[in-house]
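Enquirer: Compact mmCIF, C-alpha atoms, file query12.txt:
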```
# COMPACT_ATOMS: atom_id res chain seq x y z
CA MET A 269 44.95 -72.85 12.40
CA THR A 270 48.36 -72.32 10.86
CA LYS A 271 51.43 -71.29 12.79
CA ILE A 272 53.23 -68.37 11.17
CA THR A 273 56.46 -66.63 11.99
CA MET A 274 57.65 -63.31 10.63
CA THR A 275 59.88 -60.39 11.48
CA VAL A 276 57.95 -57.25 12.44
CA ASN A 277 59.97 -54.08 12.96
CA GLY A 278 63.09 -56.18 13.44
CA LYS A 279 61.59 -58.51 16.02
CA THR A 280 60.71 -62.14 15.37
CA VAL A 281 57.05 -62.87 16.13
CA SER A 282 54.87 -65.96 15.85
CA GLY A 283 51.17 -66.69 16.06
CA ASP A 284 48.41 -69.09 15.08
CA VAL A 285 46.10 -67.77 12.37
CA GLU A 286 43.13 -68.95 10.36
CA GLY A 287 43.38 -68.97 6.60
CA ARG A 288 41.13 -65.92 6.45
CA THR A 289 43.10 -63.85 8.99
CA LEU A 290 44.23 -60.68 7.25
CA LEU A 291 47.71 -59.34 7.86
CA VAL A 292 46.24 -56.14 9.32
CA ASP A 293 44.19 -58.15 11.82
CA PHE A 294 47.23 -60.17 12.84
CA LEU A 295 49.19 -56.96 13.39
CA ARG A 296 46.42 -55.21 15.32
CA ASN A 297 44.70 -58.00 17.23
CA ASP A 298 47.49 -60.51 17.86
CA LEU A 299 50.53 -58.24 18.04
CA ARG A 300 48.61 -55.22 19.40
CA LEU A 301 50.31 -52.97 16.85
CA THR A 302 47.30 -50.71 16.40
CA GLY A 303 49.14 -47.93 14.59
CA THR A 304 48.22 -49.61 11.31
CA HIS A 305 44.63 -48.54 10.65
CA VAL A 306 41.72 -50.14 8.85
CA GLY A 307 39.93 -47.43 6.92
CA CYS A 308 37.86 -48.84 4.10
CA ASP A 309 38.77 -52.55 4.32
CA THR A 310 38.46 -52.68 0.52
CA SER A 311 42.03 -51.73 -0.52
CA GLN A 312 40.97 -48.26 -1.64
CA CYS A 313 42.14 -45.95 1.14
CA GLY A 314 45.67 -47.06 2.08
CA ALA A 315 45.37 -46.43 5.85
CA CYS A 316 46.57 -50.02 6.37
CA THR A 317 49.74 -49.62 4.26
CA VAL A 318 52.75 -51.50 5.67
CA HIS A 319 55.94 -52.78 4.08
CA VAL A 320 56.35 -56.49 3.36
CA ASP A 321 59.83 -57.53 2.24
CA GLY A 322 60.64 -53.91 1.50
CA VAL A 323 57.62 -52.89 -0.57
CA ALA A 324 54.38 -51.17 0.36
CA VAL A 325 51.26 -53.34 0.48
CA LYS A 326 47.74 -52.88 1.77
CA SER A 327 47.61 -55.16 4.79
CA CYS A 328 43.80 -55.39 4.61
CA THR A 329 44.18 -57.16 1.28
CA MET A 330 46.82 -59.74 2.13
CA PHE A 331 46.38 -62.83 4.26
CA ALA A 332 48.59 -63.13 7.33
CA ALA A 333 49.66 -66.58 6.19
CA GLU A 334 51.06 -64.99 3.01
CA ALA A 335 53.48 -63.03 5.20
CA ASP A 336 54.85 -66.18 6.85
CA GLY A 337 58.63 -65.78 6.79
CA ALA A 338 58.45 -62.18 5.60
CA ASP A 339 60.08 -59.03 6.89
CA VAL A 340 57.28 -56.62 7.85
CA ALA A 341 57.65 -52.95 8.78
CA THR A 342 54.85 -50.91 10.37
CA ILE A 343 54.48 -47.35 11.58
CA GLU A 344 55.54 -48.41 15.07
CA GLY A 345 59.03 -49.17 13.77
CA GLN A 346 59.58 -45.84 12.03
CA ALA A 347 60.73 -43.73 14.96
CA ALA A 348 63.99 -44.43 16.79
CA PRO A 349 63.75 -46.57 19.95
CA ASP A 350 64.02 -43.41 22.07
CA GLY A 351 61.00 -41.93 20.31
CA THR A 352 62.86 -39.59 17.99
CA LEU A 353 60.73 -39.24 14.85
CA ASN A 354 62.25 -40.19 11.52
CA ALA A 355 62.61 -37.56 8.80
CA ILE A 356 59.19 -38.22 7.27
CA GLN A 357 57.36 -38.20 10.59
CA ALA A 358 59.17 -35.03 11.67
CA ALA A 359 58.26 -33.36 8.39
CA PHE A 360 54.59 -34.30 8.81
CA GLN A 361 54.70 -32.62 12.23
CA GLU A 362 56.61 -29.57 10.99
CA HIS A 363 54.40 -28.96 7.95
CA HIS A 364 51.07 -29.89 9.51
CA GLY A 365 50.77 -32.96 7.28
CA LEU A 366 47.98 -34.39 9.39
CA GLN A 367 44.64 -33.23 10.63
CA CYS A 368 42.64 -36.04 12.22
CA GLY A 369 45.61 -38.36 11.77
CA PHE A 370 43.72 -41.46 10.73
CA CYS A 371 45.38 -41.80 7.32
CA THR A 372 48.81 -40.73 8.61
CA PRO A 373 50.34 -44.16 9.32
CA GLY A 374 49.53 -45.24 5.76
CA MET A 375 50.73 -41.93 4.34
CA VAL A 376 54.06 -42.19 6.19
CA MET A 377 54.60 -45.78 5.05
CA ALA A 378 53.66 -44.91 1.45
CA ALA A 379 56.04 -41.94 1.58
CA ALA A 380 58.86 -44.13 2.90
CA ASP A 381 58.26 -46.54 0.03
CA LEU A 382 58.49 -43.67 -2.46
CA LEU A 383 61.59 -42.00 -1.03
CA LYS A 384 63.48 -45.28 -0.85
CA ASN A 385 63.21 -45.66 -4.64
CA ASN A 386 63.04 -42.00 -5.60
CA PRO A 387 64.93 -39.89 -3.03
CA LYS A 388 64.13 -36.53 -4.72
CA PRO A 389 60.64 -36.84 -6.20
CA THR A 390 58.84 -34.01 -7.93
CA GLU A 391 55.53 -32.79 -6.56
CA ALA A 392 53.77 -34.61 -9.40
CA GLU A 393 55.58 -37.84 -8.57
CA VAL A 394 54.56 -37.56 -4.91
CA ARG A 395 50.94 -37.01 -5.85
CA HIS A 396 51.00 -39.90 -8.30
CA HIS A 397 52.54 -42.21 -5.69
CA LEU A 398 49.81 -41.32 -3.18
CA GLU A 399 47.06 -42.39 -5.60
CA GLY A 400 46.13 -45.26 -3.30
CA ASN A 401 46.14 -43.26 -0.06
CA ILE A 402 43.06 -41.24 0.78
CA CYS A 403 42.97 -38.42 3.34
CA ARG A 404 39.36 -37.83 4.25
CA CYS A 405 40.25 -34.46 5.78
CA THR A 406 41.53 -33.66 2.26
CA GLY A 407 44.80 -32.43 3.72
CA TYR A 408 46.78 -33.41 0.64
CA HIS A 409 48.66 -30.15 0.09
CA ASN A 410 50.49 -30.35 3.39
CA ILE A 411 51.03 -34.10 3.10
CA VAL A 412 52.74 -33.56 -0.25
CA LYS A 413 54.68 -30.65 1.19
CA ALA A 414 55.83 -32.74 4.16
CA ILE A 415 57.05 -35.54 1.92
CA LEU A 416 58.94 -33.10 -0.32
CA ALA A 417 60.48 -31.53 2.80
CA ALA A 418 61.43 -34.97 4.14
CA SER A 419 63.30 -35.56 0.88
CA GLY A 420 65.45 -32.53 1.69
CA GLN A 421 63.91 -30.24 -0.93
CA ASP A 422 63.04 -26.60 -0.35
CA VAL A 423 59.30 -26.28 0.10
CA SER A 424 59.21 -22.61 1.07
CA GLN A 425 57.79 -21.67 -2.36
CA LEU A 426 54.91 -24.14 -2.16
CA ALA A 427 51.60 -22.52 -1.35
CA ALA A 428 50.58 -22.75 2.28
CA GLU A 429 47.16 -24.32 2.60
CA MET B 105 34.59 -63.72 4.96
CA TYR B 106 34.06 -67.46 5.29
CA ASN B 107 37.05 -69.44 6.47
CA PHE B 108 39.06 -71.73 4.20
CA ASP B 109 42.14 -73.93 4.21
CA PHE B 110 45.30 -72.20 3.05
CA GLU B 111 48.19 -73.80 1.22
CA LYS B 112 51.31 -72.19 -0.18
CA PRO B 113 53.20 -74.64 -2.41
CA THR B 114 56.64 -73.83 -3.79
CA THR B 115 56.40 -75.72 -7.09
CA ILE B 116 53.89 -75.76 -9.95
CA ALA B 117 53.46 -79.52 -9.52
CA ASP B 118 52.50 -79.15 -5.87
CA ALA B 119 50.10 -76.32 -6.71
CA VAL B 120 48.38 -78.42 -9.37
CA ALA B 121 48.01 -81.26 -6.86
CA ALA B 122 46.60 -78.92 -4.22
CA LEU B 123 44.09 -77.49 -6.70
CA ALA B 124 42.76 -80.93 -7.60
CA SER B 125 40.42 -81.01 -4.61
CA ASP B 126 36.84 -79.77 -4.76
CA GLU B 127 36.24 -76.04 -4.37
CA ALA B 128 39.93 -75.22 -4.34
CA GLN B 129 40.84 -71.86 -5.85
CA ALA B 130 44.18 -70.44 -6.94
CA LEU B 131 45.25 -67.20 -5.22
CA GLY B 132 47.50 -64.80 -7.09
CA GLY B 133 48.15 -61.45 -5.43
CA GLY B 134 44.60 -61.42 -4.10
CA GLN B 135 43.86 -57.82 -5.07
CA THR B 136 40.58 -58.89 -6.67
CA LEU B 137 39.91 -62.23 -4.98
CA ILE B 138 40.24 -61.02 -1.38
CA PRO B 139 37.72 -58.16 -1.81
CA THR B 140 35.43 -60.62 -3.62
CA MET B 141 35.67 -63.05 -0.71
CA LYS B 142 35.01 -60.28 1.80
CA GLN B 143 31.76 -59.59 -0.02
CA ARG B 144 31.03 -63.34 0.10
CA LEU B 145 30.76 -63.39 -3.68
CA ALA B 146 33.33 -66.20 -3.57
CA SER B 147 33.76 -68.78 -0.84
CA PRO B 148 36.38 -71.35 -1.82
CA ALA B 149 36.98 -74.22 0.60
CA LYS B 150 40.69 -73.98 -0.04
CA LEU B 151 43.01 -71.29 -1.33
CA VAL B 152 46.23 -72.29 -3.01
CA SER B 153 48.65 -69.37 -3.04
CA LEU B 154 50.82 -69.13 -6.15
CA THR B 155 53.07 -66.43 -4.71
CA GLY B 156 55.65 -68.83 -3.28
CA ILE B 157 56.48 -70.49 -6.61
CA ALA B 158 59.82 -69.09 -7.75
CA GLU B 159 59.59 -70.70 -11.23
CA MET B 160 56.48 -68.56 -11.94
CA LYS B 161 58.14 -65.23 -11.27
CA GLY B 162 60.19 -62.86 -13.38
CA VAL B 163 60.59 -61.38 -16.85
CA CYS B 164 62.99 -62.82 -19.41
CA GLN B 165 63.70 -62.08 -23.06
CA ASN B 166 63.84 -65.04 -25.43
CA ASP B 167 66.23 -65.50 -28.37
CA ASP B 168 63.53 -64.43 -30.85
CA GLY B 169 63.05 -61.15 -28.95
CA SER B 170 59.75 -62.12 -27.32
CA LEU B 171 59.24 -61.68 -23.59
CA THR B 172 58.18 -64.44 -21.24
CA ILE B 173 56.64 -63.24 -17.99
CA GLY B 174 55.91 -65.63 -15.13
CA GLY B 175 52.27 -65.84 -14.10
CA ALA B 176 53.05 -64.85 -10.50
CA THR B 177 55.02 -61.75 -11.53
CA THR B 178 53.66 -58.59 -9.92
CA HIS B 179 52.58 -55.53 -11.89
CA ALA B 180 55.40 -53.59 -10.21
CA THR B 181 57.97 -56.08 -11.48
CA VAL B 182 56.57 -55.98 -15.01
CA ALA B 183 56.65 -52.18 -14.88
CA ALA B 184 60.29 -52.26 -13.77
CA GLN B 185 61.63 -55.14 -15.86
CA ALA B 186 59.66 -55.31 -19.12
CA GLY B 187 61.59 -52.41 -20.64
CA ALA B 188 62.03 -54.38 -23.87
CA TYR B 189 58.29 -53.88 -24.41
CA PRO B 190 57.75 -50.29 -23.24
CA ALA B 191 53.98 -50.16 -23.87
CA LEU B 192 53.49 -53.24 -21.71
CA ALA B 193 55.68 -51.87 -18.92
CA ALA B 194 53.75 -48.58 -19.05
CA LEU B 195 50.43 -50.40 -18.85
CA ALA B 196 51.60 -52.32 -15.78
CA ALA B 197 52.78 -49.07 -14.17
CA GLY B 198 49.26 -47.65 -14.52
CA ILE B 199 47.27 -50.43 -12.86
CA GLY B 200 45.62 -49.54 -9.54
CA ASP B 201 48.06 -47.82 -7.19
CA PRO B 202 51.62 -48.59 -6.01
CA ALA B 203 50.61 -50.94 -3.18
CA VAL B 204 48.21 -52.86 -5.42
CA ARG B 205 50.95 -53.19 -8.05
CA ASN B 206 53.25 -54.71 -5.44
CA ARG B 207 50.82 -57.59 -4.84
CA GLY B 208 48.69 -58.04 -7.96
CA THR B 209 50.00 -60.46 -10.59
CA ILE B 210 49.72 -60.69 -14.36
CA GLY B 211 48.53 -64.30 -14.24
CA GLY B 212 45.84 -63.47 -11.72
CA SER B 213 44.57 -60.55 -13.78
CA VAL B 214 44.50 -62.51 -17.04
CA ALA B 215 42.85 -65.56 -15.44
CA ASN B 216 40.14 -63.37 -13.91
CA ASN B 217 39.44 -61.57 -17.24
CA ASP B 218 37.70 -58.66 -15.58
CA PRO B 219 35.99 -56.70 -18.38
CA ALA B 220 37.65 -53.49 -17.13
CA ALA B 221 41.13 -54.88 -16.43
CA CYS B 222 44.10 -53.50 -18.38
CA TYR B 223 46.18 -56.62 -19.03
CA PRO B 224 43.71 -58.54 -21.24
CA SER B 225 43.96 -55.78 -23.86
CA ALA B 226 47.75 -56.10 -23.98
CA VAL B 227 47.60 -59.89 -24.21
CA LEU B 228 45.04 -59.80 -27.03
CA ALA B 229 46.58 -56.92 -28.99
CA SER B 230 50.03 -58.46 -28.75
CA GLY B 231 48.79 -61.84 -29.90
CA ALA B 232 50.46 -63.23 -26.81
CA THR B 233 50.46 -66.88 -25.79
CA VAL B 234 49.04 -67.95 -22.43
CA ILE B 235 51.16 -70.75 -20.99
CA THR B 236 49.52 -73.08 -18.46
CA ASN B 237 50.66 -76.15 -16.57
CA THR B 238 49.25 -78.33 -19.38
CA ARG B 239 49.29 -76.39 -22.67
CA GLU B 240 49.74 -73.15 -24.58
CA ILE B 241 46.69 -71.09 -25.59
CA SER B 242 46.71 -68.26 -28.12
CA ALA B 243 45.20 -64.99 -26.90
CA ASP B 244 42.52 -65.17 -29.61
CA ASP B 245 41.28 -68.45 -28.13
CA PHE B 246 41.83 -67.58 -24.47
CA PHE B 247 39.34 -64.78 -23.75
CA GLN B 248 35.77 -66.06 -24.00
CA GLY B 249 33.65 -63.29 -22.47
CA MET B 250 33.32 -61.37 -19.23
CA PHE B 251 35.16 -63.26 -16.44
CA THR B 252 35.34 -66.27 -18.76
CA THR B 253 38.46 -67.87 -20.23
CA ALA B 254 39.60 -71.11 -21.83
CA LEU B 255 41.12 -72.25 -18.52
CA GLU B 256 39.90 -75.58 -17.15
CA GLU B 257 39.23 -76.21 -13.46
CA GLY B 258 42.52 -76.27 -11.59
CA GLU B 259 44.55 -75.09 -14.61
CA ILE B 260 47.20 -72.50 -13.73
CA ILE B 261 48.62 -69.71 -15.89
CA THR B 262 52.32 -70.32 -15.33
CA GLY B 263 53.43 -67.62 -17.76
CA LEU B 264 52.70 -65.47 -20.78
CA ARG B 265 54.82 -65.02 -23.92
CA PHE B 266 54.56 -61.64 -25.64
CA PRO B 267 55.90 -60.98 -29.14
CA VAL B 268 57.31 -57.44 -29.06
CA PRO B 269 55.65 -55.23 -31.71
CA GLN B 270 57.45 -52.63 -33.85
CA ALA B 271 55.36 -49.99 -32.08
CA ALA B 272 52.63 -50.15 -29.47
CA ASN B 273 50.72 -47.96 -27.06
CA TYR B 274 48.00 -48.30 -24.45
CA GLN B 275 45.54 -45.51 -23.73
CA LYS B 276 43.26 -45.79 -20.73
CA PHE B 277 40.30 -43.57 -19.96
CA GLU B 278 40.01 -44.17 -16.24
CA GLN B 279 36.83 -44.49 -14.31
CA PRO B 280 37.85 -41.78 -11.85
CA ALA B 281 36.91 -43.54 -8.62
CA SER B 282 38.15 -47.07 -9.21
CA ARG B 283 40.96 -46.28 -11.71
CA PHE B 284 39.82 -49.26 -13.74
CA ALA B 285 39.51 -48.69 -17.47
CA MET B 286 36.20 -47.19 -18.51
CA VAL B 287 37.69 -47.71 -21.95
CA GLY B 288 41.23 -48.89 -22.61
CA VAL B 289 42.69 -49.42 -26.08
CA PHE B 290 45.94 -51.24 -26.82
CA VAL B 291 47.34 -50.81 -30.34
CA ALA B 292 50.20 -53.02 -31.54
CA LYS B 293 51.87 -52.64 -34.93
CA PHE B 294 53.70 -55.67 -36.31
CA ALA B 295 55.48 -56.23 -39.61
CA ASP B 296 52.51 -58.25 -40.88
CA GLY B 297 49.65 -56.14 -39.54
CA VAL B 298 48.10 -54.15 -36.74
CA ARG B 299 46.12 -55.47 -33.78
CA VAL B 300 43.74 -53.31 -31.73
CA ALA B 301 42.22 -54.64 -28.50
CA VAL B 302 39.62 -52.85 -26.39
CA THR B 303 38.95 -53.37 -22.70
CA GLY B 304 36.45 -51.79 -20.31
CA ALA B 305 33.77 -51.23 -22.93
CA SER B 306 32.05 -54.44 -23.92
CA GLU B 307 29.67 -56.70 -22.03
CA ASP B 308 31.64 -59.55 -23.62
CA GLY B 309 34.94 -58.36 -22.12
CA VAL B 310 38.06 -57.60 -24.13
CA PHE B 311 37.65 -57.68 -27.93
CA ARG B 312 39.50 -56.82 -31.13
CA TRP B 313 38.30 -53.91 -33.25
CA SER B 314 38.86 -55.49 -36.64
CA GLU B 315 37.71 -52.53 -38.80
CA ALA B 316 40.34 -50.35 -37.15
CA GLU B 317 42.98 -53.05 -37.63
CA THR B 318 42.26 -53.18 -41.37
CA ALA B 319 42.29 -49.41 -41.76
CA LEU B 320 45.52 -49.05 -39.77
CA ALA B 321 47.25 -51.81 -41.71
CA ASP B 322 46.89 -49.68 -44.87
CA ASN B 323 47.64 -46.35 -43.24
CA PHE B 324 49.04 -46.33 -39.72
CA SER B 325 47.87 -42.88 -38.70
CA PRO B 326 45.01 -41.47 -36.60
CA ASP B 327 43.40 -40.15 -39.79
CA ALA B 328 42.88 -43.69 -41.01
CA LEU B 329 40.22 -44.04 -38.32
CA ASN B 330 38.15 -41.08 -39.54
CA GLY B 331 34.62 -42.23 -40.27
CA LEU B 332 34.98 -45.50 -38.40
CA ALA B 333 32.61 -46.02 -35.50
CA VAL B 334 31.96 -48.83 -33.06
CA SER B 335 28.33 -49.80 -32.54
CA SER B 336 27.02 -49.18 -29.03
CA VAL B 337 25.13 -52.48 -29.11
CA GLY B 338 26.60 -54.75 -26.45
CA MET B 339 28.61 -51.98 -24.78
CA ILE B 340 28.51 -51.60 -21.00
CA SER B 341 26.12 -48.94 -19.74
CA ASP B 342 26.30 -47.84 -16.11
CA LEU B 343 26.28 -44.71 -13.97
CA HIS B 344 29.80 -43.86 -15.12
CA GLY B 345 28.95 -43.80 -18.80
CA SER B 346 26.36 -44.91 -21.32
CA ALA B 347 26.94 -47.52 -24.00
CA GLU B 348 27.01 -44.74 -26.62
CA TYR B 349 29.63 -42.84 -24.61
CA ARG B 350 31.86 -45.88 -24.30
CA ALA B 351 31.51 -46.67 -28.00
CA HIS B 352 32.54 -43.11 -28.82
CA LEU B 353 35.50 -43.29 -26.44
CA ILE B 354 36.85 -46.36 -28.24
CA GLY B 355 37.42 -44.28 -31.36
CA VAL B 356 38.97 -41.42 -29.40
CA MET B 357 41.33 -43.63 -27.38
CA THR B 358 42.37 -45.64 -30.44
CA LYS B 359 43.35 -42.44 -32.25
CA ARG B 360 45.34 -41.32 -29.24
CA ALA B 361 47.11 -44.67 -29.02
CA VAL B 362 48.04 -44.57 -32.72
CA ALA B 363 49.23 -40.97 -32.39
CA ALA B 364 51.38 -41.95 -29.41
CA CYS B 365 52.92 -44.81 -31.42
CA SER B 366 54.11 -42.73 -34.31
```
What's the structure tokens form of this structure?

Expert:
Amino acid sequence: MTKITMTVNGKTVSGDVEGRTLLVDFLRNDLRLTGTHVGCDTSQCGACTVHVDGVAVKSCTMFAAEADGADVATIEGQAAPDGTLNAIQAAFQEHHGLQCGFCTPGMVMAAADLLKNNPKPTEAEVRHHLEGNICRCTGYHNIVKAILAASGQDVSQLAAE
Amino acid sequence: MYNFDFEKPTTIADAVAALASDEAQALGGGQTLIPTMKQRLASPAKLVSLTGIAEMKGVCQNDDGSLTIGGATTHATVAAQAGAYPALAALAAGIGDPAVRNRGTIGGSVANNDPAACYPSAVLASGATVITNTREISADDFFQGMFTTALEEGEIITGLRFPVPQAANYQKFEQPASRFAMVGVFVAKFADGVRVAVTGASEDGVFRWSEAETALADNFSPDALNGLAVSSVGMISDLHGSAEYRAHLIGVMTKRAVAACS
């Protein structure tokens, strides 16, 4: 076992992990942060997307020990401490950007990664950025719409789906 | 997956020492190795992470104009920082998806030599040099067949040096589910000739299409490729495309790459 320490959503956390412990398993099983989902477990679907040192990664395809000393952000840290949703989360709610909700944590984290680097993306750029995030309800139109709305752009002309 | 010991050295020397033990395996960004281990197709006794070695990260331009890229540099960093070689930066920006590009590394991709990976075509078409902890290997000598390279046990790709061509372009026909190259063609035009490297198509991994290189050296235009055809013998045939289809695509993608250069 290896002792690791990292910052998760601003809080310092430690734990003992095996070499093979995946970051997503450390988050879910050790820290009980079950908002990060395991969809495919093969780095295809993006439900497990979190931020490590400010960039989006698939936490099912990164060992926990690789995040030793890192700054990790998960879906649990996106809303304000009083529960107020951030702009992306609020836009997903407003524009019905989720159906079953399973992919949503990964979608929100992927969207945050995009908007940090590209605050006013085009629709095409949003779709391109979501290449690694799969919504099995196929609710992509409203996900894209929600992300465009979260960026402060007018989405009233986008087709309702 | 089976358990293993994990080490994360911070210098190349320490990584080389850690890799000296039996059944030790270097870990780049893990975007191929971790899925492979989950399937129990690989079960190293020890993983030596190369992601904590600062001297293996980054892109820098040398005095002669060539680019040296550290082996542990992520695809996202190459996409953002290799602007002096636009075709290479564009190739890096098209690998996998954004999260994969934030973890996967150029050294890991080149060392793995997946027959459908993008980077080997850029390395071979550019006539790049693979720099390891012990020596420098020319691209023509490095790739030795599907998943096979000139690397010795425990040898680490610490960096790659790319001459920057006068013009270059990479065209990838994606396998629509995996986004790997069903056929990818990298064309690089230098003062003394043209190099064309093909990935995704051959059972021997990345290869140079020498007939196209000769034709393009005389006349660097898509028309120069009229009448040239790649034999389907030795091409990959699977449910995504037959050997004949892949062979045909090589011609199509090479023409597109040349057209995009000029």

Enquirer: Just the residues within 9 Å of Phe284 of chain B, please, counting only C-alpha atoms, with nothing from its chain fewer than 6 positions along; format it as JSON, numbers by chain.

Expert: {"B": [199, 200, 220, 221, 222, 276, 277, 278, 304]}

Enquirer: Rounded to one decimal in Å, what is the spacing between atom CA of Asn273 of chain B and atom CA of Gly338 of chain B?

Expert: 25.1 Å

Enquirer: Kindly give the distance, in Å, that separates atom CA of Gly345 of chain A and atom CA of Ala315 of chain A, rounded to a single decimal.

Expert: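 Answer for the atom CA of Gly345 of chain A to atom CA of Ala315 of chain A separation: 16.0 Å.
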
Enquirer: Point out the residue among B:Ala272, B:Ala281, B:Ala254, B:Ala117 with the least atom-to-atom distance to chain A, counting only C-alpha atoms.

Expert: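 Under the stated criterion, the closest residue is B:Ala281.
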
Enquirer: Please provide as a PyMOL selection string all residues within 6 Å of Gly309 of chain B, with the sequence filter that same-chain residues fewer than 6 positions apart are discarded (counting all atoms listed in the file).

Expert: chain B and resi 219+249-250

Enquirer: What's the 7 Å shell around segment 325-329 of chain A, counting all atoms listed in the file, without same-chain residues fewer than 3 positions away, as number ranges by chain?

Expert: A: 290-292, 309, 311, 314, 316-320; B: 134-135, 138, 203-204, 206-207

Enquirer: Any idea what the distance is between atom CA of Phe246 of chain B and atom CA of Thr262 of chain B?

Expert: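 Calculated distance between atom CA of Phe246 of chain B and atom CA of Thr262 of chain B is 14.2 Å.
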
Enquirer: Using all atoms listed in the file, pick whichever of A:Asp321, A:Asp284, A:Asp293, A:Glu399 has the shortest atom-to-atom distance to chain B.

Expert: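 Nearest to chain B: A:Glu399.
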
Enquirer: With a distance cut-off of 12 Å and only C-alpha atoms, select the neighbouring residues of Asp298 of chain A, excluding the residue or stretch itself and same-chain residues fewer than 2 positions from it, and output the selection as a list in words.

Expert: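 Non-adjacent residues within range: Ile272, Val281, Ser282, Gly283, Asp284, Val285, Thr289, Leu290, Leu291, Val292, Asp293, Phe294, Leu295, Arg296, Arg300, Leu301, Thr302 and Ala332 of chain A.
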
Enquirer: Include C-alpha atoms and write out the residues we just selected as a PDB file, in the frame of the given file.

Expert:
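The new file result05.pdb reads:
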```pdb
ATOM      1  CA  ILE A 272      53.230 -68.370  11.170  1.00  0.00           C
ATOM      2  CA  VAL A 281      57.050 -62.870  16.130  1.00  0.00           C
ATOM      3  CA  SER A 282      54.870 -65.960  15.850  1.00  0.00           C
ATOM      4  CA  GLY A 283      51.170 -66.690  16.060  1.00  0.00           C
ATOM      5  CA  ASP A 284      48.410 -69.090  15.080  1.00  0.00           C
ATOM      6  CA  VAL A 285      46.100 -67.770  12.370  1.00  0.00           C
ATOM      7  CA  THR A 289      43.100 -63.850   8.990  1.00  0.00           C
ATOM      8  CA  LEU A 290      44.230 -60.680   7.250  1.00  0.00           C
ATOM      9  CA  LEU A 291      47.710 -59.340   7.860  1.00  0.00           C
ATOM     10  CA  VAL A 292      46.240 -56.140   9.320  1.00  0.00           C
ATOM     11  CA  ASP A 293      44.190 -58.150  11.820  1.00  0.00           C
ATOM     12  CA  PHE A 294      47.230 -60.170  12.840  1.00  0.00           C
ATOM     13  CA  LEU A 295      49.190 -56.960  13.390  1.00  0.00           C
ATOM     14  CA  ARG A 296      46.420 -55.210  15.320  1.00  0.00           C
ATOM     15  CA  ARG A 300      48.610 -55.220  19.400  1.00  0.00           C
ATOM     16  CA  LEU A 301      50.310 -52.970  16.850  1.00  0.00           C
ATOM     17  CA  THR A 302      47.300 -50.710  16.400  1.00  0.00           C
ATOM     18  CA  ALA A 332      48.590 -63.130   7.330  1.00  0.00           C
TER      19      ALA A 332
END
```

Enquirer: Please rebuild segment 400-412 of chain A with N, CA and C atoms and give the result as a PDB file, in the coordinates of the input.

Expert:
```pdb
ATOM      1  N   GLY A 400      46.868 -44.265  -4.078  1.00  0.00           N
ATOM      2  CA  GLY A 400      46.130 -45.260  -3.300  1.00  0.00           C
ATOM      3  C   GLY A 400      46.012 -44.932  -1.829  1.00  0.00           C
ATOM      4  N   ASN A 401      46.260 -43.680  -1.465  1.00  0.00           N
ATOM      5  CA  ASN A 401      46.140 -43.260  -0.060  1.00  0.00           C
ATOM      6  C   ASN A 401      45.176 -42.082   0.004  1.00  0.00           C
ATOM      7  N   ILE A 402      44.093 -42.274   0.720  1.00  0.00           N
ATOM      8  CA  ILE A 402      43.060 -41.240   0.780  1.00  0.00           C
ATOM      9  C   ILE A 402      43.093 -40.550   2.141  1.00  0.00           C
ATOM     10  N   CYS A 403      43.089 -39.218   2.130  1.00  0.00           N
ATOM     11  CA  CYS A 403      42.970 -38.420   3.340  1.00  0.00           C
ATOM     12  C   CYS A 403      41.571 -37.825   3.350  1.00  0.00           C
ATOM     13  N   ARG A 404      40.742 -38.279   4.298  1.00  0.00           N
ATOM     14  CA  ARG A 404      39.360 -37.830   4.250  1.00  0.00           C
ATOM     15  C   ARG A 404      39.201 -36.399   4.767  1.00  0.00           C
ATOM     16  N   CYS A 405      40.244 -35.887   5.442  1.00  0.00           N
ATOM     17  CA  CYS A 405      40.250 -34.460   5.780  1.00  0.00           C
ATOM     18  C   CYS A 405      40.637 -33.627   4.550  1.00  0.00           C
ATOM     19  N   THR A 406      41.043 -34.279   3.490  1.00  0.00           N
ATOM     20  CA  THR A 406      41.530 -33.660   2.260  1.00  0.00           C
ATOM     21  C   THR A 406      42.749 -32.774   2.506  1.00  0.00           C
ATOM     22  N   GLY A 407      43.619 -33.222   3.400  1.00  0.00           N
ATOM     23  CA  GLY A 407      44.800 -32.430   3.720  1.00  0.00           C
ATOM     24  C   GLY A 407      45.980 -32.703   2.816  1.00  0.00           C
ATOM     25  N   TYR A 408      45.720 -32.934   1.542  1.00  0.00           N
ATOM     26  CA  TYR A 408      46.780 -33.410   0.640  1.00  0.00           C
ATOM     27  C   TYR A 408      47.914 -32.415   0.457  1.00  0.00           C
ATOM     28  N   HIS A 409      47.602 -31.123   0.385  1.00  0.00           N
ATOM     29  CA  HIS A 409      48.660 -30.150   0.090  1.00  0.00           C
ATOM     30  C   HIS A 409      49.798 -30.256   1.104  1.00  0.00           C
ATOM     31  N   ASN A 410      49.437 -30.320   2.369  1.00  0.00           N
ATOM     32  CA  ASN A 410      50.490 -30.350   3.390  1.00  0.00           C
ATOM     33  C   ASN A 410      51.141 -31.727   3.505  1.00  0.00           C
ATOM     34  N   ILE A 411      50.425 -32.764   3.139  1.00  0.00           N
ATOM     35  CA  ILE A 411      51.030 -34.100   3.100  1.00  0.00           C
ATOM     36  C   ILE A 411      52.119 -34.121   2.030  1.00  0.00           C
ATOM     37  N   VAL A 412      51.769 -33.606   0.852  1.00  0.00           N
ATOM     38  CA  VAL A 412      52.740 -33.560  -0.250  1.00  0.00           C
ATOM     39  C   VAL A 412      53.936 -32.685   0.142  1.00  0.00           C
TER      40      VAL A 412
END
```
